[in-house]
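One file, data.tsv, is given below (TSV, C-alpha atoms).
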```
chain	number	residue	atom	x	y	z
A	1	MET	CA	-1.93	24.04	-1.21
A	2	PRO	CA	0.05	21.74	-3.52
A	3	GLY	CA	-2.52	21.41	-6.31
A	4	THR	CA	-3.96	18.12	-7.54
A	5	LEU	CA	-3.48	14.61	-6.25
A	6	ILE	CA	-4.40	11.56	-8.34
A	7	TYR	CA	-4.76	8.62	-5.99
A	8	LEU	CA	-4.34	5.20	-7.64
A	9	SER	CA	-5.44	2.04	-5.88
A	10	ASN	CA	-6.69	-1.05	-7.65
A	11	CYS	CA	-8.97	-1.77	-4.66
A	12	ALA	CA	-10.01	1.80	-3.79
A	13	ILE	CA	-13.62	0.81	-4.37
A	14	SER	CA	-15.34	-2.46	-5.10
A	15	ALA	CA	-17.58	-3.11	-8.09
A	16	ASP	CA	-20.59	-1.86	-6.14
A	17	GLY	CA	-18.83	1.32	-4.95
A	18	ARG	CA	-17.93	0.29	-1.41
A	19	GLN	CA	-14.81	2.09	-0.23
A	20	ASN	CA	-11.64	0.29	0.77
A	21	PRO	CA	-10.58	0.90	4.41
A	22	PHE	CA	-7.01	1.70	3.41
A	23	MET	CA	-8.18	4.53	1.19
A	24	MET	CA	-10.66	5.85	3.75
A	25	GLN	CA	-7.91	6.01	6.35
A	26	GLU	CA	-5.91	8.33	4.13
A	27	LEU	CA	-8.64	10.45	2.56
A	28	PRO	CA	-9.10	12.99	5.39
A	29	TRP	CA	-5.43	13.96	5.32
A	30	LEU	CA	-5.20	13.95	1.53
A	31	MET	CA	-8.29	16.08	1.06
A	32	ALA	CA	-7.09	18.55	3.70
A	33	HIS	CA	-3.71	19.03	2.00
A	34	PHE	CA	-4.59	19.13	-1.71
A	35	ASP	CA	-6.85	21.45	-3.66
A	36	ARG	CA	-8.32	18.52	-5.56
A	37	VAL	CA	-8.16	14.76	-5.10
A	38	MET	CA	-9.09	12.35	-7.87
A	39	MET	CA	-9.28	8.59	-7.54
A	40	VAL	CA	-8.39	5.88	-10.05
A	41	SER	CA	-9.47	2.36	-9.14
A	42	TYR	CA	-9.89	-0.83	-11.13
A	43	TYR	CA	-13.63	-0.07	-11.28
A	44	GLY	CA	-13.52	3.53	-12.45
A	45	VAL	CA	-12.49	7.07	-11.62
A	46	ARG	CA	-13.98	9.77	-9.43
A	47	THR	CA	-13.22	13.36	-8.47
A	48	LEU	CA	-13.71	13.34	-4.72
A	49	MET	CA	-16.07	15.85	-3.17
A	50	PRO	CA	-16.22	17.39	0.33
A	51	GLY	CA	-17.76	14.82	2.63
A	52	ASP	CA	-16.49	11.82	0.66
A	53	GLU	CA	-13.84	11.28	3.32
A	54	ARG	CA	-16.61	10.27	5.75
A	55	GLY	CA	-17.65	7.34	3.57
A	56	GLU	CA	-21.31	7.67	4.41
A	57	ARG	CA	-22.50	6.19	1.11
A	58	PRO	CA	-20.92	4.11	-1.70
A	59	PHE	CA	-18.96	6.00	-4.34
A	60	THR	CA	-20.19	6.27	-7.88
A	61	ALA	CA	-17.44	6.11	-10.48
A	62	VAL	CA	-17.21	6.60	-14.22
A	63	ARG	CA	-15.33	4.40	-16.67
A	64	PRO	CA	-14.09	6.58	-19.53
A	65	GLY	CA	-13.77	5.18	-23.01
A	66	LEU	CA	-12.97	1.56	-23.83
A	67	ALA	CA	-9.92	1.35	-21.58
A	68	GLY	CA	-10.23	-2.35	-20.90
A	69	LEU	CA	-10.42	-3.28	-24.59
A	70	ARG	CA	-7.62	-0.89	-25.51
A	71	ALA	CA	-5.42	-2.37	-22.80
A	72	LEU	CA	-6.17	-5.91	-23.95
A	73	LEU	CA	-5.19	-5.11	-27.53
A	74	LYS	CA	-2.08	-3.17	-26.48
A	75	THR	CA	-0.66	-5.70	-24.01
A	76	PRO	CA	1.09	-8.09	-26.47
A	77	PHE	CA	2.81	-5.15	-28.15
A	78	THR	CA	4.10	-3.54	-24.95
A	79	ALA	CA	7.89	-3.40	-24.75
A	80	ASP	CA	7.84	-3.84	-20.98
A	81	VAL	CA	6.15	-7.23	-21.40
A	82	TRP	CA	8.87	-8.57	-23.65
A	83	ARG	CA	11.54	-7.17	-21.36
A	84	GLU	CA	10.07	-8.98	-18.37
A	85	LEU	CA	9.62	-12.22	-20.34
A	86	LYS	CA	13.34	-12.12	-21.15
A	87	HIS	CA	14.01	-11.43	-17.48
A	88	MET	CA	12.01	-14.54	-16.54
A	89	ARG	CA	13.82	-16.64	-19.13
A	90	ARG	CA	17.24	-15.55	-17.85
A	91	ASP	CA	16.23	-16.53	-14.32
A	92	GLY	CA	14.71	-19.85	-15.41
A	93	VAL	CA	11.16	-19.08	-14.29
A	94	LEU	CA	9.49	-18.55	-17.66
A	95	THR	CA	6.48	-20.86	-17.80
A	96	PRO	CA	3.11	-20.49	-19.55
A	97	GLY	CA	1.47	-19.76	-16.21
A	98	ASN	CA	3.95	-17.05	-15.28
A	99	ALA	CA	3.70	-15.50	-18.74
A	100	LEU	CA	-0.10	-15.34	-18.39
A	101	ARG	CA	0.23	-13.71	-14.96
A	102	LEU	CA	2.47	-11.05	-16.46
A	103	LEU	CA	0.06	-10.44	-19.34
A	104	ALA	CA	-2.90	-10.08	-16.96
A	105	PHE	CA	-0.90	-7.73	-14.73
A	106	THR	CA	0.05	-5.58	-17.72
A	107	GLN	CA	-3.49	-5.43	-19.09
A	108	ARG	CA	-4.84	-4.25	-15.73
A	109	GLY	CA	-2.08	-1.68	-15.38
A	110	LEU	CA	-2.67	-0.31	-18.87
A	111	LYS	CA	-6.39	0.01	-18.17
A	112	MET	CA	-5.72	2.13	-15.06
A	113	HIS	CA	-3.05	4.06	-16.97
A	114	TYR	CA	-5.52	5.05	-19.70
A	115	TRP	CA	-7.96	6.30	-17.06
A	116	THR	CA	-5.17	8.23	-15.35
A	117	GLU	CA	-4.29	9.85	-18.66
A	118	ARG	CA	-7.89	11.02	-19.01
A	119	LEU	CA	-7.66	12.75	-15.63
A	120	LEU	CA	-4.30	14.32	-16.46
A	121	ARG	CA	-5.82	16.21	-19.37
A	122	GLY	CA	-7.31	18.83	-17.09
A	123	VAL	CA	-4.46	19.47	-14.63
A	124	VAL	CA	-1.30	21.56	-14.41
A	125	GLU	CA	1.43	18.94	-14.50
A	126	ALA	CA	3.88	20.88	-12.35
A	127	HIS	CA	1.26	21.03	-9.59
A	128	THR	CA	0.12	17.41	-9.80
A	129	THR	CA	1.11	14.35	-7.77
A	130	LEU	CA	0.49	10.75	-8.76
A	131	TYR	CA	0.22	8.63	-5.63
A	132	SER	CA	-0.14	4.85	-5.93
A	133	CYS	CA	-1.11	3.10	-2.73
A	134	TRP	CA	0.33	-0.22	-3.95
A	135	MET	CA	3.37	-1.34	-5.92
A	136	SER	CA	1.17	-3.57	-8.06
A	137	PHE	CA	-0.45	-2.86	-11.43
A	138	ASP	CA	-1.71	0.46	-10.07
A	139	GLY	CA	1.92	1.39	-9.41
A	140	TYR	CA	2.71	0.35	-12.96
A	141	ALA	CA	-0.10	2.59	-14.23
A	142	ALA	CA	1.35	5.52	-12.27
A	143	ALA	CA	4.83	4.81	-13.65
A	144	LEU	CA	3.54	4.80	-17.24
A	145	SER	CA	1.86	8.17	-16.74
A	146	LYS	CA	4.96	9.58	-15.07
A	147	ARG	CA	6.98	8.56	-18.12
A	148	LYS	CA	4.58	10.49	-20.37
A	149	HIS	CA	4.39	13.48	-18.03
A	150	PRO	CA	7.82	13.97	-16.46
A	151	ARG	CA	6.81	17.17	-14.68
A	152	VAL	CA	4.30	15.46	-12.39
A	153	ARG	CA	5.50	14.00	-9.12
A	154	CYS	CA	5.07	10.25	-8.68
A	155	VAL	CA	5.26	8.41	-5.36
A	156	ILE	CA	4.50	4.70	-4.93
A	157	ARG	CA	4.12	2.65	-1.77
A	158	GLY	CA	5.12	-0.97	-1.31
A	159	HIS	CA	3.61	-3.25	1.33
A	160	ALA	CA	4.01	-7.01	1.71
A	161	TYR	CA	2.21	-8.97	-1.00
A	162	ASP	CA	3.41	-6.56	-3.70
A	163	VAL	CA	7.07	-6.82	-2.55
A	164	ASP	CA	7.61	-10.04	-0.61
A	165	THR	CA	8.86	-12.96	-2.72
A	166	GLU	CA	7.78	-15.46	-0.07
A	167	ARG	CA	4.16	-14.40	-0.52
A	168	PHE	CA	4.34	-14.02	-4.29
A	169	ALA	CA	7.48	-15.42	-5.89
A	170	LYS	CA	6.97	-13.51	-9.16
A	171	ASN	CA	7.13	-10.04	-7.59
A	172	PRO	CA	10.54	-9.28	-9.18
A	173	TYR	CA	9.01	-9.78	-12.65
A	174	MET	CA	5.86	-7.70	-12.21
A	175	MET	CA	7.20	-4.46	-13.77
A	176	LYS	CA	9.26	-3.54	-10.71
A	177	ARG	CA	12.09	-2.19	-12.88
A	178	ARG	CA	9.76	0.09	-14.81
A	179	ILE	CA	8.15	1.29	-11.58
A	180	ALA	CA	11.55	1.95	-10.01
A	181	ALA	CA	12.84	3.78	-13.08
A	182	GLU	CA	9.95	6.24	-13.25
A	183	ALA	CA	8.89	6.92	-9.66
A	184	ASP	CA	10.30	9.90	-7.77
A	185	GLY	CA	9.98	8.03	-4.49
A	186	LEU	CA	9.33	4.45	-3.41
A	187	TYR	CA	8.07	4.04	0.15
A	188	LEU	CA	8.25	0.56	1.68
A	189	ILE	CA	6.28	-0.54	4.72
A	190	SER	CA	9.28	-1.60	6.83
A	191	ARG	CA	13.03	-2.15	6.80
A	192	THR	CA	12.35	-5.83	6.16
A	193	ALA	CA	10.28	-4.95	3.10
A	194	ARG	CA	13.02	-2.60	1.86
A	195	ALA	CA	15.64	-5.33	2.28
A	196	GLN	CA	13.50	-7.80	0.34
A	197	PHE	CA	12.87	-5.27	-2.41
A	198	MET	CA	16.58	-4.45	-2.70
A	199	SER	CA	17.50	-8.15	-2.77
A	200	TYR	CA	16.19	-8.35	-6.33
A	201	MET	CA	16.35	-4.69	-7.35
A	202	ARG	CA	19.90	-3.72	-6.40
A	203	GLY	CA	21.58	-2.36	-9.51
A	204	HIS	CA	18.20	-1.58	-11.10
A	205	VAL	CA	17.04	1.25	-8.85
A	206	ASP	CA	18.52	4.45	-7.46
A	207	GLU	CA	18.68	3.55	-3.77
A	208	ARG	CA	18.31	7.20	-2.81
A	209	LYS	CA	14.66	7.07	-3.82
A	210	VAL	CA	13.85	3.92	-1.81
A	211	HIS	CA	12.59	4.82	1.66
A	212	VAL	CA	10.98	3.18	4.66
A	213	LEU	CA	7.63	4.76	5.39
A	214	ALA	CA	7.72	6.43	8.81
A	215	MET	CA	4.55	8.47	9.08
A	216	GLY	CA	2.07	8.45	11.90
A	217	SER	CA	-1.68	8.50	11.52
A	218	SER	CA	-1.66	12.30	11.70
A	219	GLY	CA	0.74	12.55	8.77
A	220	MET	CA	3.70	13.57	10.93
A	221	PRO	CA	7.01	11.66	11.15
A	222	VAL	CA	6.85	9.14	13.97
A	223	ASP	CA	9.84	10.64	15.78
A	224	ARG	CA	7.94	13.93	16.08
A	225	LEU	CA	4.87	12.36	17.68
A	226	ARG	CA	5.91	12.96	21.27
A	227	GLU	CA	2.48	12.23	22.70
A	228	PRO	CA	0.84	8.98	21.55
A	229	PRO	CA	-2.71	9.21	20.16
A	230	LEU	CA	-5.33	9.32	22.92
A	231	TYR	CA	-2.65	9.16	25.62
A	232	THR	CA	-4.28	12.18	27.25
A	233	GLN	CA	-6.85	9.68	28.55
A	234	GLY	CA	-4.08	7.81	30.29
A	235	VAL	CA	-3.78	4.88	27.93
A	236	LEU	CA	-2.46	4.19	24.43
A	237	ARG	CA	-4.97	2.17	22.41
A	238	VAL	CA	-3.48	-0.06	19.73
A	239	VAL	CA	-5.51	-1.73	16.99
A	240	SER	CA	-3.71	-4.42	15.03
A	241	CYS	CA	-5.03	-5.36	11.60
A	242	ALA	CA	-1.85	-7.08	10.42
A	243	MET	CA	0.07	-10.24	11.19
A	244	PHE	CA	2.91	-10.04	13.69
A	245	ASN	CA	5.82	-10.75	11.38
A	246	PRO	CA	9.01	-8.86	10.46
A	247	ILE	CA	7.72	-7.29	7.24
A	248	LYS	CA	4.88	-5.71	9.24
A	249	CYS	CA	7.26	-3.99	11.74
A	250	ALA	CA	6.55	-6.52	14.49
A	251	GLY	CA	9.46	-5.40	16.67
A	252	PRO	CA	8.71	-1.65	16.76
A	253	ARG	CA	4.98	-2.27	17.23
A	254	ALA	CA	5.59	-4.64	20.12
A	255	LEU	CA	8.04	-2.31	21.84
A	256	ALA	CA	5.64	0.60	21.35
A	257	LEU	CA	3.12	-1.17	23.55
A	258	GLY	CA	5.43	-0.85	26.56
A	259	GLY	CA	3.81	-1.47	29.91
A	260	ARG	CA	1.18	1.24	29.56
A	261	ALA	CA	-0.76	0.17	26.50
A	262	ALA	CA	-4.19	-1.29	26.09
A	263	VAL	CA	-5.00	-3.51	23.16
A	264	LEU	CA	-8.15	-3.81	21.10
A	265	ASP	CA	-6.97	-7.06	19.62
A	266	ALA	CA	-9.65	-7.85	17.04
A	267	TYR	CA	-7.19	-9.48	14.69
A	268	ARG	CA	-5.87	-11.89	17.28
A	269	ARG	CA	-9.40	-12.85	18.37
A	270	GLY	CA	-10.41	-13.39	14.76
A	271	ARG	CA	-7.46	-15.69	14.06
A	272	GLY	CA	-7.69	-17.74	17.25
A	273	GLY	CA	-5.29	-15.82	19.47
A	274	SER	CA	-2.26	-18.13	19.35
A	275	GLU	CA	0.35	-17.06	21.87
A	276	GLY	CA	4.05	-16.97	21.20
A	277	ALA	CA	3.91	-18.51	17.74
A	278	GLY	CA	5.53	-17.40	14.52
A	279	PRO	CA	8.69	-15.59	13.41
A	280	GLY	CA	7.23	-12.18	14.23
A	281	LEU	CA	7.40	-12.80	17.96
A	282	ARG	CA	10.97	-14.03	17.75
A	283	ALA	CA	11.95	-11.05	15.59
A	284	ALA	CA	10.51	-8.67	18.18
A	285	GLY	CA	13.17	-9.73	20.69
A	286	PRO	CA	12.72	-10.77	24.33
A	287	GLN	CA	11.14	-7.50	25.48
A	288	GLY	CA	8.83	-7.28	22.48
A	289	GLU	CA	7.86	-10.92	22.88
A	290	ARG	CA	6.86	-10.36	26.51
A	291	HIS	CA	4.59	-7.49	25.46
A	292	LEU	CA	3.05	-9.51	22.63
A	293	ARG	CA	2.36	-12.42	24.97
A	294	ALA	CA	0.68	-10.02	27.38
A	295	ALA	CA	-1.34	-8.61	24.48
A	296	GLY	CA	-2.47	-12.13	23.62
A	297	ARG	CA	-3.63	-12.77	27.18
A	298	ALA	CA	-5.44	-9.42	27.24
A	299	GLY	CA	-7.05	-10.17	23.89
A	300	ARG	CA	-8.37	-13.51	25.09
A	301	ARG	CA	-9.79	-11.91	28.23
A	302	ALA	CA	-11.56	-9.36	26.00
A	303	ARG	CA	-13.21	-11.90	23.69
A	304	ALA	CA	-16.49	-11.82	25.57
A	305	ALA	CA	-16.71	-8.04	24.97
A	306	PRO	CA	-15.51	-7.45	21.38
A	307	LEU	CA	-15.55	-3.64	21.60
A	308	ARG	CA	-13.77	-3.37	24.94
A	309	TYR	CA	-10.06	-3.05	25.53
A	310	ALA	CA	-8.02	-4.67	28.28
A	311	PRO	CA	-5.05	-3.00	30.04
A	312	LEU	CA	-1.81	-4.88	29.88
```
I'd like the structure from this file rewritten - as structure tokens, please.
Amino acid sequence: MPGTLIYLSNCAISADGRQNPFMMQELPWLMAHFDRVMMVSYYGVRTLMPGDERGERPFTAVRPGLAGLRALLKTPFTADVWRELKHMRRDGVLTPGNALRLLAFTQRGLKMHYWTERLLRGVVEAHTTLYSCWMSFDGYAAALSKRKHPRVRCVIRGHAYDVDTERFAKNPYMMKRRIAAEADGLYLISRTARAQFMSYMRGHVDERKVHVLAMGSSGMPVDRLREPPLYTQGVLRVVSCAMFNPIKCAGPRALALGGRAAVLDAYRRGRGGSEGAGPGLRAAGPQGERHLRAAGRAGRRARAAPLRYAPL
């Protein structure tokens, strides 16, 4: 067993302790592969216990010290802030609003960093992994702790909102250079996300540590999953909780449906089920687009029975 994992996610739990679905999807695997898993969220820290992965009741968390106040006082004197302000000025995007966004980002990251440091007091650094689910201020917190504890391993994931400049134009200025400098591995959600990240980070990151995440739900590389989940029942069930666009791997997901899939298309029903619209369908190519159109038709047929699936 590889020791201790410290899982950082700004939204791991809400203020009232409700667990985030992204975290709950990963917890069973993480708790099965590490001796100890500890969580750092924006609302506190927790050492996870057996049974927590089932999410049967809200998590209680503790908030050590005066981390929020310390972070607030430290933020104006943080070298990374001044470095990013100069970066904004060079690129002509330094405005009072953008400066305030950077200050708020830094304060939140420092707060989570201070809590992470509290957890690191009781671990063996060489047997500890820092894992940030997002490349946001939680990723910045992980990077700061990695800088102080070079023997720990630090891996950080990047998705869409925390990488894509079309969704959030100031992504290049939200401590991405510090994150890239400290992390041992950066794992992006898709090739599109990697390309966007590299469009503003080339020359500021070792490209050998920037990867496209290719893990299945069982924790195995996708190319080693010869039998799709639940295919033993004769059908591959696909649940989509993301938009069909290039940064969300629209092409591979559409092609994976093939002619044998069934779709529980809750997302499409929730958003109105438009058929054939958007760049994601075009990016999927002719074959992928045919499958996505069929998925849309199946989803609309299934609206009257929300928990049923419809064969394509």
Subject >> Coordinates-based distance that separates CA of Thr106 in chain A from CA of Lys74 in chain A (Å, one decimal) >> reply: 9.3 Å
Original post:
For Leu85 in chain A, which residue among A:Leu102, A:Ile6, A:Ala15, A:Ala183 is the nearest when counting all atoms listed in the file?
Top reply: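 Checking each of A:Leu102, A:Ile6, A:Ala15, A:Ala183 against Leu85 in chain A, counting all atoms listed in the file, the winner is A:Leu102.
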Leu213 in chain A environment, 6 Å, all atoms listed in the file, sequence neighbours closer than 6 positions dropped, as a PDB file with C-alpha atoms, keeping the file's coordinate frame:
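Final output, saved to out_19.pdb:
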```pdb
ATOM      1  CA  TYR A 187       8.070   4.040   0.150  1.00  0.00           C
ATOM      2  CA  LEU A 188       8.250   0.560   1.680  1.00  0.00           C
ATOM      3  CA  ILE A 189       6.280  -0.540   4.720  1.00  0.00           C
TER       4      ILE A 189
END
```
**OP:** Just give me the gap between CA of Glu207 in chain A and CA of Lys86 in chain A in Å, one decimal is fine.
**Re:**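 About the pair CA of Glu207 in chain A and CA of Lys86 in chain A: they are 24.0 Å apart.
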Subject >> Between CA of Pro58 in chain A and CA of Ser14 in chain A, distance in Å (one decimal) >> reply: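 CA of Pro58 in chain A sits 9.3 Å away from CA of Ser14 in chain A.
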Original post:
Any idea what's packed within 12 Å of Leu119 in chain A, counting all atoms listed in the file, ignoring anything in its chain fewer than 2 positions away? Could you give it as a ChimeraX atom specification?
Top reply: /A:4-8,36-40,44-47,62-64,112-117,121-125,128-130,145
Could you write out as AutoDock Vina command-line options the box around range 174-191 of chain A (axis-aligned, all atoms listed in the file, 4 Å on each side), with centre and edge lengths in Å to one decimal?
```
--center_x 9.4 --center_y 1.1 --center_z -4.0 --size_x 15.2 --size_y 25.6 --size_z 29.6
```
**OP:** Just the residues within 10 Å of Asn98 in chain A, please, counting all atoms listed in the file, with nothing from its chain fewer than 3 positions along; format it as a list in words.
**Re:** Leu85, Met88, Val93, Leu94, Thr95, Arg101, Leu102, Leu103, Ala104, Lys170 and Tyr173 of chain A
